[in-house]
Amino acid sequence: MPILKARERHPVTITLNGRPAGGYAEPRMLLSDFLRQELGATGTHVGCEHGVCGACTVRIDGKAVRSCLTLAVHADGKRVDTVEGLAGEGNKLSVLQEAFRRHHALQCGYCTAGILMSLAHYLEINPQADEEQLREVIGGHLCRCTGYTQIVEAAVEAAEMMRLNKPADS
Amino acid sequence: MKPAAFDYIRAASVEEAAEIMAKFGARARLMAGGQSLMALLNLRLVEPEVVVDISSIGSLNAIRIDGSSVEIGAAVTQSDLLDWPKLKEELPLLALALPRVGHFQTRNRGTVCGSIAHSDPSSELPLCLAILEGEVELRSTGGTRRLKASAFQTGMLATAKAPEEIVVAARFPRRKPGEGYTFREIARRHGDFAIVALAARASASGVRLAVGGVADRPAVLDLGGAQGAALADALNAFAWEMGGNDDIHATARYRRELVRRLGPKVIEEARACLS
């Protein structure tokens, strides 16, 4: 029963996008801040910081979760995947990212990283996802630019392409 | 929007967590999925000295059928329960309500017991526990006790849990043959807290309605076989009894009107499910 004392920085080691990464965190440090400030992984954005907007969504041990509602010390020893890990070799965009680009599913891009991480998890567990199910997943995110239409279109198309095993740029 | 400083302990067993809670009492807060507590911490609505993480206690991460109930351990997430293959058959009301609990992303960490322990008056799981007359199992160094939902739920964000006690499990009665269920809620956005949530259970002996989001805790009403004007009168009296408050989402008057309007619909739907 090790006690991690308040106001002291404790080592936290995670597997970030497949590579070991480590830093230090007070018990109260949010995973979102740990990723950005300790590890320099600023692809994960911070919006409301109480779980409503979804901008900070990352995957912990494969599951899409809010990094602002997770303590860095809780994530110690776990696998964390962020938007930086989505592109493949040579920064080639994934099927999902390419669909977002094609459909102009983002303007300012603030909410995009979180939405991509949610959809990446959801399409993995439910490759047969239909538009209604995808809309519900996107419902866990706030976007103030697009009006959501293009985001839904991109998600639906990405799901179909992944089902047909089509490459990202086809 | 950052929490105040606290010590953090990842408890390895229920016994260990109970010892910590016995020592710190109200100065400590238990965290399972953290989907309610982390928001409170970030907003500094709570500033505990110690946060006790019980999410990695293996014995709490189990769903099991125990006699006439389904026992859900305190580390079981809402997603885990939604993915439980027997959910529709054993707990059909929860199969209807769980997709409305938060979002996909919060259900992946939020626990069933955490939502019940948090006791927000408009949240879905306490409502389900109330209408089904489920129980909460509490553990401390002094022993174990089980409380019925009606005894556990005492008000807005308030329960009968003593500061040193841990909610270790929630017990939901299994579906009995020939029962019909419905669940409806009105919210600004799918996944937001309900303005009003209604659950109904129909059986041969009559209909029961439960309402969340109006009173300071889930309210339950047995309506027997009431129909037409008698049903409308009973729902009107029920709405006034619950009262409700105005807030930024809706007025108390609107909430009461939703009970009058949607009440007969969910009751009818539950009766139609009767086999």
# chains A, B, ... in the order shown; residues from 1 in each chain; ligands from 1
>>> interface_residues(of="chain A", to="chain B", cutoff="10 Å", atoms="only C-alpha atoms", output="mmCIF file with C-alpha atoms, in the first residue's frame")
data_model
loop_
_atom_site.group_PDB
_atom_site.id
_atom_site.type_symbol
_atom_site.label_atom_id
_atom_site.label_comp_id
_atom_site.auth_asym_id
_atom_site.auth_seq_id
_atom_site.Cartn_x
_atom_site.Cartn_y
_atom_site.Cartn_z
ATOM 1 C CA MET A 1 0.000 0.000 0.000
ATOM 2 C CA PRO A 2 2.456 2.684 -1.114
ATOM 3 C CA ILE A 3 1.187 6.176 -0.379
ATOM 4 C CA LEU A 4 2.006 8.734 -3.031
ATOM 5 C CA LYS A 5 2.349 11.949 -1.058
ATOM 6 C CA ALA A 6 0.704 15.170 -2.127
ATOM 7 C CA ARG A 7 3.013 17.953 -3.359
ATOM 8 C CA GLU A 8 5.721 15.431 -4.239
ATOM 9 C CA GLU A 26 2.080 14.932 -8.330
ATOM 10 C CA PRO A 27 -0.896 12.729 -7.408
ATOM 11 C CA ARG A 28 -3.260 15.506 -8.460
ATOM 12 C CA MET A 29 -1.814 15.867 -11.961
ATOM 13 C CA LEU A 30 -4.297 15.025 -14.719
ATOM 14 C CA ASP A 33 -1.491 17.678 -18.367
ATOM 15 C CA CYS A 48 -13.508 21.821 -20.417
ATOM 16 C CA GLU A 49 -11.486 19.769 -17.915
ATOM 17 C CA HIS A 50 -14.557 18.165 -16.434
ATOM 18 C CA GLY A 51 -15.383 15.453 -18.912
ATOM 19 C CA VAL A 52 -18.023 17.185 -21.010
ATOM 20 C CA GLY A 54 -14.275 15.246 -25.163
ATOM 21 C CA THR A 57 -10.026 11.801 -25.227
ATOM 22 C CA VAL A 58 -7.180 9.272 -25.443
ATOM 23 C CA ARG A 59 -7.062 5.479 -25.297
ATOM 24 C CA ILE A 60 -5.930 3.765 -22.109
ATOM 25 C CA LYS A 63 -10.322 2.095 -24.425
ATOM 26 C CA ALA A 64 -11.346 5.641 -25.314
ATOM 27 C CA VAL A 65 -11.483 7.692 -22.110
ATOM 28 C CA ARG A 66 -11.266 11.301 -20.971
ATOM 29 C CA CYS A 68 -8.885 15.057 -17.939
ATOM 30 C CA LEU A 69 -10.880 12.650 -15.754
ATOM 31 C CA THR A 70 -7.893 10.379 -15.218
ATOM 32 C CA LEU A 71 -4.980 10.926 -12.871
ATOM 33 C CA VAL A 73 -0.562 8.258 -11.407
ATOM 34 C CA HIS A 74 -3.529 6.011 -12.240
ATOM 35 C CA MET A 117 -9.399 8.586 -30.706
ATOM 36 C CA SER A 118 -13.046 7.793 -29.843
ATOM 37 C CA HIS A 121 -11.637 2.621 -30.534
ATOM 38 C CA TYR A 122 -15.278 2.303 -31.516
ATOM 39 C CA ARG A 135 -23.522 9.696 -34.215
ATOM 40 C CA GLU A 136 -23.882 8.511 -30.619
ATOM 41 C CA VAL A 137 -20.110 8.141 -30.252
ATOM 42 C CA ILE A 138 -19.548 11.594 -31.788
ATOM 43 C CA GLY A 139 -22.238 12.856 -29.356
ATOM 44 C CA GLY A 140 -19.603 12.501 -26.655
ATOM 45 C CA HIS A 141 -17.686 15.400 -28.213
#
>>> residues_around(residues="segment 77-86 of chain A", least_positions_apart="6", cutoff="6 Å", atoms="only C-alpha atoms", output="JSON, numbers by chain")
{"A": [13, 14, 15, 16, 17, 58, 59, 60, 61, 113]}
>>> write_last_selection(atoms="N, CA and C atoms", output="mmCIF file, in the first residue's frame")
data_model
loop_
_atom_site.group_PDB
_atom_site.id
_atom_site.type_symbol
_atom_site.label_atom_id
_atom_site.label_comp_id
_atom_site.auth_asym_id
_atom_site.auth_seq_id
_atom_site.Cartn_x
_atom_site.Cartn_y
_atom_site.Cartn_z
ATOM 1 N N THR A 13 5.441 5.930 -15.498
ATOM 2 C CA THR A 13 5.927 5.371 -16.760
ATOM 3 C C THR A 13 4.746 4.793 -17.523
ATOM 4 N N ILE A 14 4.616 5.170 -18.754
ATOM 5 C CA ILE A 14 3.543 4.618 -19.585
ATOM 6 C C ILE A 14 4.136 4.143 -20.905
ATOM 7 N N THR A 15 3.339 3.371 -21.647
ATOM 8 C CA THR A 15 3.712 3.050 -23.020
ATOM 9 C C THR A 15 2.911 3.985 -23.900
ATOM 10 N N LEU A 16 3.591 4.990 -24.454
ATOM 11 C CA LEU A 16 2.891 6.011 -25.243
ATOM 12 C C LEU A 16 3.034 5.686 -26.721
ATOM 13 N N ASN A 17 1.923 5.365 -27.346
ATOM 14 C CA ASN A 17 1.914 5.017 -28.777
ATOM 15 C C ASN A 17 2.980 3.965 -29.093
ATOM 16 N N VAL A 58 -8.308 10.112 -25.028
ATOM 17 C CA VAL A 58 -7.180 9.272 -25.443
ATOM 18 C C VAL A 58 -7.601 7.820 -25.234
ATOM 19 N N ARG A 59 -6.739 6.880 -25.579
ATOM 20 C CA ARG A 59 -7.062 5.479 -25.297
ATOM 21 C C ARG A 59 -6.134 4.962 -24.209
ATOM 22 N N ILE A 60 -6.724 4.404 -23.155
ATOM 23 C CA ILE A 60 -5.930 3.765 -22.109
ATOM 24 C C ILE A 60 -6.202 2.275 -22.193
ATOM 25 N N ASP A 61 -5.150 1.498 -22.352
ATOM 26 C CA ASP A 61 -5.283 0.057 -22.576
ATOM 27 C C ASP A 61 -6.352 -0.212 -23.629
ATOM 28 N N ALA A 113 -8.621 15.727 -32.334
ATOM 29 C CA ALA A 113 -7.819 14.627 -31.785
ATOM 30 C C ALA A 113 -8.686 13.693 -30.940
#
>>> residues_around(residues="Ala149 of chain B", least_positions_apart="6", cutoff="10 Å", atoms="only C-alpha atoms", output="list in words")
Ile116, Pro126, Leu127, Cys128, Leu129, Ala130, Ile131, Leu132, Glu133, Gly134, Glu135, Val136, Thr159, Ala160, Ala170, Arg171, Phe172 and Pro218 of chain B
>>> write_last_selection(atoms="N, CA and C atoms", output="PDB file, in the first residue's frame")
ATOM      1  N   ILE B 116     -24.027   4.994  -8.501  1.00  0.00           N
ATOM      2  CA  ILE B 116     -25.005   4.817  -7.418  1.00  0.00           C
ATOM      3  C   ILE B 116     -24.529   5.516  -6.147  1.00  0.00           C
ATOM      4  N   PRO B 126     -29.087   4.995 -10.284  1.00  0.00           N
ATOM      5  CA  PRO B 126     -29.838   5.012  -9.017  1.00  0.00           C
ATOM      6  C   PRO B 126     -31.351   4.830  -9.234  1.00  0.00           C
ATOM      7  N   LEU B 127     -31.837   5.353 -10.362  1.00  0.00           N
ATOM      8  CA  LEU B 127     -33.257   5.201 -10.695  1.00  0.00           C
ATOM      9  C   LEU B 127     -33.598   3.732 -10.917  1.00  0.00           C
ATOM     10  N   CYS B 128     -32.732   3.035 -11.652  1.00  0.00           N
ATOM     11  CA  CYS B 128     -32.952   1.603 -11.899  1.00  0.00           C
ATOM     12  C   CYS B 128     -32.910   0.812 -10.594  1.00  0.00           C
ATOM     13  N   LEU B 129     -31.931   1.167  -9.738  1.00  0.00           N
ATOM     14  CA  LEU B 129     -31.822   0.462  -8.449  1.00  0.00           C
ATOM     15  C   LEU B 129     -33.093   0.668  -7.626  1.00  0.00           C
ATOM     16  N   ALA B 130     -33.653   1.886  -7.692  1.00  0.00           N
ATOM     17  CA  ALA B 130     -34.839   2.209  -6.889  1.00  0.00           C
ATOM     18  C   ALA B 130     -36.062   1.437  -7.369  1.00  0.00           C
ATOM     19  N   ILE B 131     -36.321   1.451  -8.673  1.00  0.00           N
ATOM     20  CA  ILE B 131     -37.557   0.804  -9.161  1.00  0.00           C
ATOM     21  C   ILE B 131     -37.489  -0.709  -8.998  1.00  0.00           C
ATOM     22  N   LEU B 132     -36.277  -1.273  -9.106  1.00  0.00           N
ATOM     23  CA  LEU B 132     -36.131  -2.725  -8.974  1.00  0.00           C
ATOM     24  C   LEU B 132     -35.993  -3.163  -7.515  1.00  0.00           C
ATOM     25  N   GLU B 133     -35.938  -2.191  -6.617  1.00  0.00           N
ATOM     26  CA  GLU B 133     -35.716  -2.465  -5.185  1.00  0.00           C
ATOM     27  C   GLU B 133     -34.439  -3.266  -4.974  1.00  0.00           C
ATOM     28  N   GLY B 134     -33.390  -2.795  -5.620  1.00  0.00           N
ATOM     29  CA  GLY B 134     -32.095  -3.433  -5.447  1.00  0.00           C
ATOM     30  C   GLY B 134     -31.444  -3.033  -4.125  1.00  0.00           C
ATOM     31  N   GLU B 135     -30.245  -3.563  -3.925  1.00  0.00           N
ATOM     32  CA  GLU B 135     -29.534  -3.311  -2.668  1.00  0.00           C
ATOM     33  C   GLU B 135     -28.113  -2.838  -2.941  1.00  0.00           C
ATOM     34  N   VAL B 136     -27.557  -2.184  -1.931  1.00  0.00           N
ATOM     35  CA  VAL B 136     -26.160  -1.771  -1.979  1.00  0.00           C
ATOM     36  C   VAL B 136     -25.445  -2.481  -0.836  1.00  0.00           C
ATOM     37  N   THR B 159     -26.196   9.862   0.554  1.00  0.00           N
ATOM     38  CA  THR B 159     -26.615   8.482   0.802  1.00  0.00           C
ATOM     39  C   THR B 159     -26.407   8.150   2.282  1.00  0.00           C
ATOM     40  N   ALA B 160     -26.895   6.959   2.667  1.00  0.00           N
ATOM     41  CA  ALA B 160     -26.755   6.520   4.055  1.00  0.00           C
ATOM     42  C   ALA B 160     -25.380   5.903   4.317  1.00  0.00           C
ATOM     43  N   ALA B 170     -23.360  -3.561  -5.954  1.00  0.00           N
ATOM     44  CA  ALA B 170     -24.784  -3.260  -6.081  1.00  0.00           C
ATOM     45  C   ALA B 170     -25.464  -4.552  -6.499  1.00  0.00           C
ATOM     46  N   ARG B 171     -26.647  -4.785  -5.956  1.00  0.00           N
ATOM     47  CA  ARG B 171     -27.370  -6.025  -6.278  1.00  0.00           C
ATOM     48  C   ARG B 171     -28.719  -5.677  -6.906  1.00  0.00           C
ATOM     49  N   PHE B 172     -28.864  -6.078  -8.159  1.00  0.00           N
ATOM     50  CA  PHE B 172     -30.102  -5.815  -8.900  1.00  0.00           C
ATOM     51  C   PHE B 172     -30.901  -7.110  -9.017  1.00  0.00           C
ATOM     52  N   PRO B 218     -34.453   9.402  -6.585  1.00  0.00           N
ATOM     53  CA  PRO B 218     -35.447   8.708  -7.401  1.00  0.00           C
ATOM     54  C   PRO B 218     -36.746   8.496  -6.612  1.00  0.00           C
TER      55      PRO B 218
END
>>> select_by_dssp(residues="chain A", states="alpha helix (DSSP H)", output="ChimeraX atom specification")
/A:31-33,72-75,95-102,112-125,131-138,149-163
>>> write_last_selection(atoms="C-alpha atoms", output="short mmCIF file (atom, residue, chain, number, x, y, z; two decimals), in the first residue's frame")
data_model
loop_
_atom_site.label_atom_id
_atom_site.label_comp_id
_atom_site.auth_asym_id
_atom_site.auth_seq_id
_atom_site.Cartn_x
_atom_site.Cartn_y
_atom_site.Cartn_z
CA LEU A 31 -3.23 12.61 -17.43
CA SER A 32 -4.00 15.32 -20.01
CA ASP A 33 -1.49 17.68 -18.37
CA ALA A 72 -1.51 10.51 -14.33
CA VAL A 73 -0.56 8.26 -11.41
CA HIS A 74 -3.53 6.01 -12.24
CA ALA A 75 -2.19 5.55 -15.77
CA VAL A 95 -8.07 5.67 -43.16
CA LEU A 96 -9.97 7.64 -40.52
CA GLN A 97 -7.69 10.68 -40.69
CA GLU A 98 -7.76 10.71 -44.48
CA ALA A 99 -11.58 10.59 -44.44
CA PHE A 100 -11.60 13.60 -42.09
CA ARG A 101 -9.29 15.47 -44.45
CA ARG A 102 -11.34 14.56 -47.51
CA THR A 112 -10.41 16.63 -33.70
CA ALA A 113 -7.82 14.63 -31.78
CA GLY A 114 -10.40 13.49 -29.25
CA ILE A 115 -12.97 12.56 -31.87
CA LEU A 116 -10.40 10.53 -33.82
CA MET A 117 -9.40 8.59 -30.71
CA SER A 118 -13.05 7.79 -29.84
CA LEU A 119 -13.82 6.63 -33.36
CA ALA A 120 -10.58 4.63 -33.59
CA HIS A 121 -11.64 2.62 -30.53
CA TYR A 122 -15.28 2.30 -31.52
CA LEU A 123 -14.60 1.13 -35.08
CA GLU A 124 -12.21 -1.46 -33.68
CA ILE A 125 -14.85 -3.01 -31.41
CA GLU A 131 -24.55 6.05 -38.86
CA GLU A 132 -26.78 6.15 -35.77
CA GLN A 133 -24.18 4.38 -33.64
CA LEU A 134 -21.41 6.62 -34.95
CA ARG A 135 -23.52 9.70 -34.22
CA GLU A 136 -23.88 8.51 -30.62
CA VAL A 137 -20.11 8.14 -30.25
CA ILE A 138 -19.55 11.59 -31.79
CA THR A 149 -22.32 17.06 -40.61
CA GLN A 150 -18.91 16.50 -42.17
CA ILE A 151 -17.65 14.67 -39.10
CA VAL A 152 -20.50 12.19 -39.41
CA GLU A 153 -19.90 11.82 -43.15
CA ALA A 154 -16.19 11.18 -42.59
CA ALA A 155 -16.89 8.62 -39.86
CA VAL A 156 -19.44 6.76 -41.97
CA GLU A 157 -17.11 6.65 -44.97
CA ALA A 158 -14.12 5.58 -42.87
CA ALA A 159 -16.18 2.74 -41.38
CA GLU A 160 -17.14 1.55 -44.85
CA MET A 161 -13.58 1.76 -46.16
CA MET A 162 -12.26 -0.14 -43.18
CA ARG A 163 -14.90 -2.83 -43.72
#
>>> closest_residue(among="B:Arg175, B:Leu157, B:Ala22, B:Val46", to="Ile65 of chain B", atoms="only C-alpha atoms")
B:Arg175
>>> select_by_dssp(residues="segment 50-189 of chain B", states="strand (DSSP E or B)", output="MDAnalysis selection string")
chainID B and resid 50:53 63:66 69:73 77 111 135:140 143:148 153:155 158:159 166:173 180:186
>>> write_last_selection(atoms="C-alpha atoms", output="PDB file, in the first residue's frame")
ATOM      1  CA  VAL B  50      -6.502  11.317   0.443  1.00  0.00           C
ATOM      2  CA  VAL B  51      -7.848   9.670  -2.712  1.00  0.00           C
ATOM      3  CA  VAL B  52      -8.159   5.893  -2.436  1.00  0.00           C
ATOM      4  CA  ASP B  53      -8.152   4.184  -5.842  1.00  0.00           C
ATOM      5  CA  ILE B  63     -20.540  -9.591 -12.328  1.00  0.00           C
ATOM      6  CA  ARG B  64     -22.180 -12.674 -10.885  1.00  0.00           C
ATOM      7  CA  ILE B  65     -25.608 -14.176 -10.543  1.00  0.00           C
ATOM      8  CA  ASP B  66     -26.348 -14.800  -6.887  1.00  0.00           C
ATOM      9  CA  SER B  69     -30.003 -11.044  -7.859  1.00  0.00           C
ATOM     10  CA  VAL B  70     -27.168  -9.992 -10.127  1.00  0.00           C
ATOM     11  CA  GLU B  71     -24.264  -8.721  -8.057  1.00  0.00           C
ATOM     12  CA  ILE B  72     -22.099  -6.058  -9.686  1.00  0.00           C
ATOM     13  CA  GLY B  73     -18.767  -5.321  -8.029  1.00  0.00           C
ATOM     14  CA  THR B  77     -17.519  -0.321 -15.469  1.00  0.00           C
ATOM     15  CA  THR B 111     -18.536   2.297 -12.743  1.00  0.00           C
ATOM     16  CA  GLU B 135     -29.534  -3.311  -2.668  1.00  0.00           C
ATOM     17  CA  VAL B 136     -26.160  -1.771  -1.979  1.00  0.00           C
ATOM     18  CA  GLU B 137     -23.503  -3.718  -0.095  1.00  0.00           C
ATOM     19  CA  LEU B 138     -21.323  -1.642   2.209  1.00  0.00           C
ATOM     20  CA  ARG B 139     -18.079  -2.767   3.800  1.00  0.00           C
ATOM     21  CA  SER B 140     -16.004  -1.304   6.604  1.00  0.00           C
ATOM     22  CA  GLY B 143     -18.299  -5.545   8.929  1.00  0.00           C
ATOM     23  CA  THR B 144     -20.741  -5.712   6.042  1.00  0.00           C
ATOM     24  CA  ARG B 145     -24.257  -4.389   5.720  1.00  0.00           C
ATOM     25  CA  ARG B 146     -26.796  -4.342   2.935  1.00  0.00           C
ATOM     26  CA  LEU B 147     -29.195  -1.482   2.403  1.00  0.00           C
ATOM     27  CA  LYS B 148     -32.248  -1.368   0.164  1.00  0.00           C
ATOM     28  CA  GLN B 153     -30.719   7.010  -1.198  1.00  0.00           C
ATOM     29  CA  THR B 154     -31.263   9.899   1.195  1.00  0.00           C
ATOM     30  CA  GLY B 155     -31.129  13.021  -1.000  1.00  0.00           C
ATOM     31  CA  ALA B 158     -26.411  12.090  -0.340  1.00  0.00           C
ATOM     32  CA  THR B 159     -26.615   8.482   0.802  1.00  0.00           C
ATOM     33  CA  ILE B 166     -17.068   1.385   0.932  1.00  0.00           C
ATOM     34  CA  VAL B 167     -19.762   0.505  -1.599  1.00  0.00           C
ATOM     35  CA  VAL B 168     -18.419  -2.893  -2.632  1.00  0.00           C
ATOM     36  CA  ALA B 169     -21.342  -4.066  -4.765  1.00  0.00           C
ATOM     37  CA  ALA B 170     -24.784  -3.260  -6.081  1.00  0.00           C
ATOM     38  CA  ARG B 171     -27.370  -6.025  -6.278  1.00  0.00           C
ATOM     39  CA  PHE B 172     -30.102  -5.815  -8.900  1.00  0.00           C
ATOM     40  CA  PRO B 173     -32.991  -8.323  -8.775  1.00  0.00           C
ATOM     41  CA  GLY B 180     -42.198  -5.723 -19.012  1.00  0.00           C
ATOM     42  CA  TYR B 181     -39.881  -2.717 -18.768  1.00  0.00           C
ATOM     43  CA  THR B 182     -39.469   0.667 -20.394  1.00  0.00           C
ATOM     44  CA  PHE B 183     -37.037   3.521 -19.946  1.00  0.00           C
ATOM     45  CA  ARG B 184     -37.314   7.039 -21.386  1.00  0.00           C
ATOM     46  CA  GLU B 185     -35.435  10.213 -20.705  1.00  0.00           C
ATOM     47  CA  ILE B 186     -35.425  13.796 -21.860  1.00  0.00           C
TER      48      ILE B 186
END
>>> atom_distance(atom1="atom CA of Gly147 of chain A", atom2="atom CA of Asp130 of chain A")
19.5 Å
>>> residues_around(residues="Arg261 of chain B", least_positions_apart="6", cutoff="10 Å", atoms="only C-alpha atoms", output="list in words")
Ala232, Leu235, Asn236 and Arg255 of chain B
>>> decode(residues="segment 82-162 of chain A", atoms="C-alpha atoms", output="PDB file, in the first residue's frame")
ATOM      1  CA  THR A  82      -2.920   9.464 -28.489  1.00  0.00           C
ATOM      2  CA  VAL A  83      -3.551  11.123 -31.824  1.00  0.00           C
ATOM      3  CA  GLU A  84       0.200  11.206 -32.490  1.00  0.00           C
ATOM      4  CA  GLY A  85       0.082   7.436 -32.891  1.00  0.00           C
ATOM      5  CA  LEU A  86      -2.638   7.257 -35.551  1.00  0.00           C
ATOM      6  CA  ALA A  87      -0.590   7.904 -38.685  1.00  0.00           C
ATOM      7  CA  GLY A  88       1.386   5.025 -40.132  1.00  0.00           C
ATOM      8  CA  GLU A  89       4.878   4.743 -41.608  1.00  0.00           C
ATOM      9  CA  GLY A  90       6.204   7.986 -43.034  1.00  0.00           C
ATOM     10  CA  ASN A  91       3.356   9.945 -41.441  1.00  0.00           C
ATOM     11  CA  LYS A  92       0.868   8.433 -43.867  1.00  0.00           C
ATOM     12  CA  LEU A  93      -2.599   9.345 -42.593  1.00  0.00           C
ATOM     13  CA  SER A  94      -4.815   6.510 -41.373  1.00  0.00           C
ATOM     14  CA  VAL A  95      -8.071   5.666 -43.159  1.00  0.00           C
ATOM     15  CA  LEU A  96      -9.970   7.637 -40.519  1.00  0.00           C
ATOM     16  CA  GLN A  97      -7.691  10.681 -40.689  1.00  0.00           C
ATOM     17  CA  GLU A  98      -7.755  10.707 -44.484  1.00  0.00           C
ATOM     18  CA  ALA A  99     -11.580  10.586 -44.438  1.00  0.00           C
ATOM     19  CA  PHE A 100     -11.602  13.598 -42.092  1.00  0.00           C
ATOM     20  CA  ARG A 101      -9.295  15.466 -44.452  1.00  0.00           C
ATOM     21  CA  ARG A 102     -11.337  14.563 -47.515  1.00  0.00           C
ATOM     22  CA  HIS A 103     -14.639  15.630 -45.953  1.00  0.00           C
ATOM     23  CA  HIS A 104     -13.324  18.810 -44.315  1.00  0.00           C
ATOM     24  CA  ALA A 105     -14.465  17.311 -41.003  1.00  0.00           C
ATOM     25  CA  LEU A 106     -12.491  19.910 -39.085  1.00  0.00           C
ATOM     26  CA  GLN A 107     -11.874  23.623 -39.155  1.00  0.00           C
ATOM     27  CA  CYS A 108      -9.890  24.796 -36.155  1.00  0.00           C
ATOM     28  CA  GLY A 109      -8.995  21.230 -35.243  1.00  0.00           C
ATOM     29  CA  TYR A 110      -9.276  21.706 -31.493  1.00  0.00           C
ATOM     30  CA  CYS A 111     -11.778  18.887 -30.954  1.00  0.00           C
ATOM     31  CA  THR A 112     -10.411  16.629 -33.701  1.00  0.00           C
ATOM     32  CA  ALA A 113      -7.819  14.627 -31.785  1.00  0.00           C
ATOM     33  CA  GLY A 114     -10.401  13.487 -29.247  1.00  0.00           C
ATOM     34  CA  ILE A 115     -12.974  12.558 -31.874  1.00  0.00           C
ATOM     35  CA  LEU A 116     -10.399  10.531 -33.818  1.00  0.00           C
ATOM     36  CA  MET A 117      -9.399   8.586 -30.706  1.00  0.00           C
ATOM     37  CA  SER A 118     -13.046   7.793 -29.843  1.00  0.00           C
ATOM     38  CA  LEU A 119     -13.818   6.633 -33.364  1.00  0.00           C
ATOM     39  CA  ALA A 120     -10.584   4.628 -33.592  1.00  0.00           C
ATOM     40  CA  HIS A 121     -11.637   2.621 -30.534  1.00  0.00           C
ATOM     41  CA  TYR A 122     -15.278   2.303 -31.516  1.00  0.00           C
ATOM     42  CA  LEU A 123     -14.600   1.127 -35.076  1.00  0.00           C
ATOM     43  CA  GLU A 124     -12.212  -1.464 -33.684  1.00  0.00           C
ATOM     44  CA  ILE A 125     -14.852  -3.013 -31.407  1.00  0.00           C
ATOM     45  CA  ASN A 126     -17.769  -2.469 -33.796  1.00  0.00           C
ATOM     46  CA  PRO A 127     -16.584  -2.591 -37.425  1.00  0.00           C
ATOM     47  CA  GLN A 128     -20.238  -2.873 -38.529  1.00  0.00           C
ATOM     48  CA  ALA A 129     -21.120   0.482 -36.935  1.00  0.00           C
ATOM     49  CA  ASP A 130     -23.968   2.304 -38.668  1.00  0.00           C
ATOM     50  CA  GLU A 131     -24.549   6.045 -38.855  1.00  0.00           C
ATOM     51  CA  GLU A 132     -26.777   6.146 -35.774  1.00  0.00           C
ATOM     52  CA  GLN A 133     -24.180   4.379 -33.644  1.00  0.00           C
ATOM     53  CA  LEU A 134     -21.413   6.620 -34.954  1.00  0.00           C
ATOM     54  CA  ARG A 135     -23.522   9.696 -34.215  1.00  0.00           C
ATOM     55  CA  GLU A 136     -23.882   8.511 -30.619  1.00  0.00           C
ATOM     56  CA  VAL A 137     -20.110   8.141 -30.252  1.00  0.00           C
ATOM     57  CA  ILE A 138     -19.548  11.594 -31.788  1.00  0.00           C
ATOM     58  CA  GLY A 139     -22.238  12.856 -29.356  1.00  0.00           C
ATOM     59  CA  GLY A 140     -19.603  12.501 -26.655  1.00  0.00           C
ATOM     60  CA  HIS A 141     -17.686  15.400 -28.213  1.00  0.00           C
ATOM     61  CA  LEU A 142     -18.293  19.089 -28.706  1.00  0.00           C
ATOM     62  CA  CYS A 143     -17.276  20.776 -31.960  1.00  0.00           C
ATOM     63  CA  ARG A 144     -17.942  24.498 -32.347  1.00  0.00           C
ATOM     64  CA  CYS A 145     -16.919  24.820 -36.014  1.00  0.00           C
ATOM     65  CA  THR A 146     -18.350  22.174 -38.279  1.00  0.00           C
ATOM     66  CA  GLY A 147     -21.934  21.615 -37.216  1.00  0.00           C
ATOM     67  CA  TYR A 148     -20.982  17.917 -37.130  1.00  0.00           C
ATOM     68  CA  THR A 149     -22.321  17.056 -40.612  1.00  0.00           C
ATOM     69  CA  GLN A 150     -18.915  16.496 -42.174  1.00  0.00           C
ATOM     70  CA  ILE A 151     -17.646  14.674 -39.098  1.00  0.00           C
ATOM     71  CA  VAL A 152     -20.498  12.186 -39.409  1.00  0.00           C
ATOM     72  CA  GLU A 153     -19.899  11.820 -43.149  1.00  0.00           C
ATOM     73  CA  ALA A 154     -16.193  11.184 -42.595  1.00  0.00           C
ATOM     74  CA  ALA A 155     -16.888   8.622 -39.855  1.00  0.00           C
ATOM     75  CA  VAL A 156     -19.441   6.756 -41.973  1.00  0.00           C
ATOM     76  CA  GLU A 157     -17.110   6.654 -44.967  1.00  0.00           C
ATOM     77  CA  ALA A 158     -14.116   5.581 -42.869  1.00  0.00           C
ATOM     78  CA  ALA A 159     -16.180   2.739 -41.381  1.00  0.00           C
ATOM     79  CA  GLU A 160     -17.142   1.552 -44.847  1.00  0.00           C
ATOM     80  CA  MET A 161     -13.582   1.764 -46.159  1.00  0.00           C
ATOM     81  CA  MET A 162     -12.263  -0.142 -43.182  1.00  0.00           C
TER      82      MET A 162
END
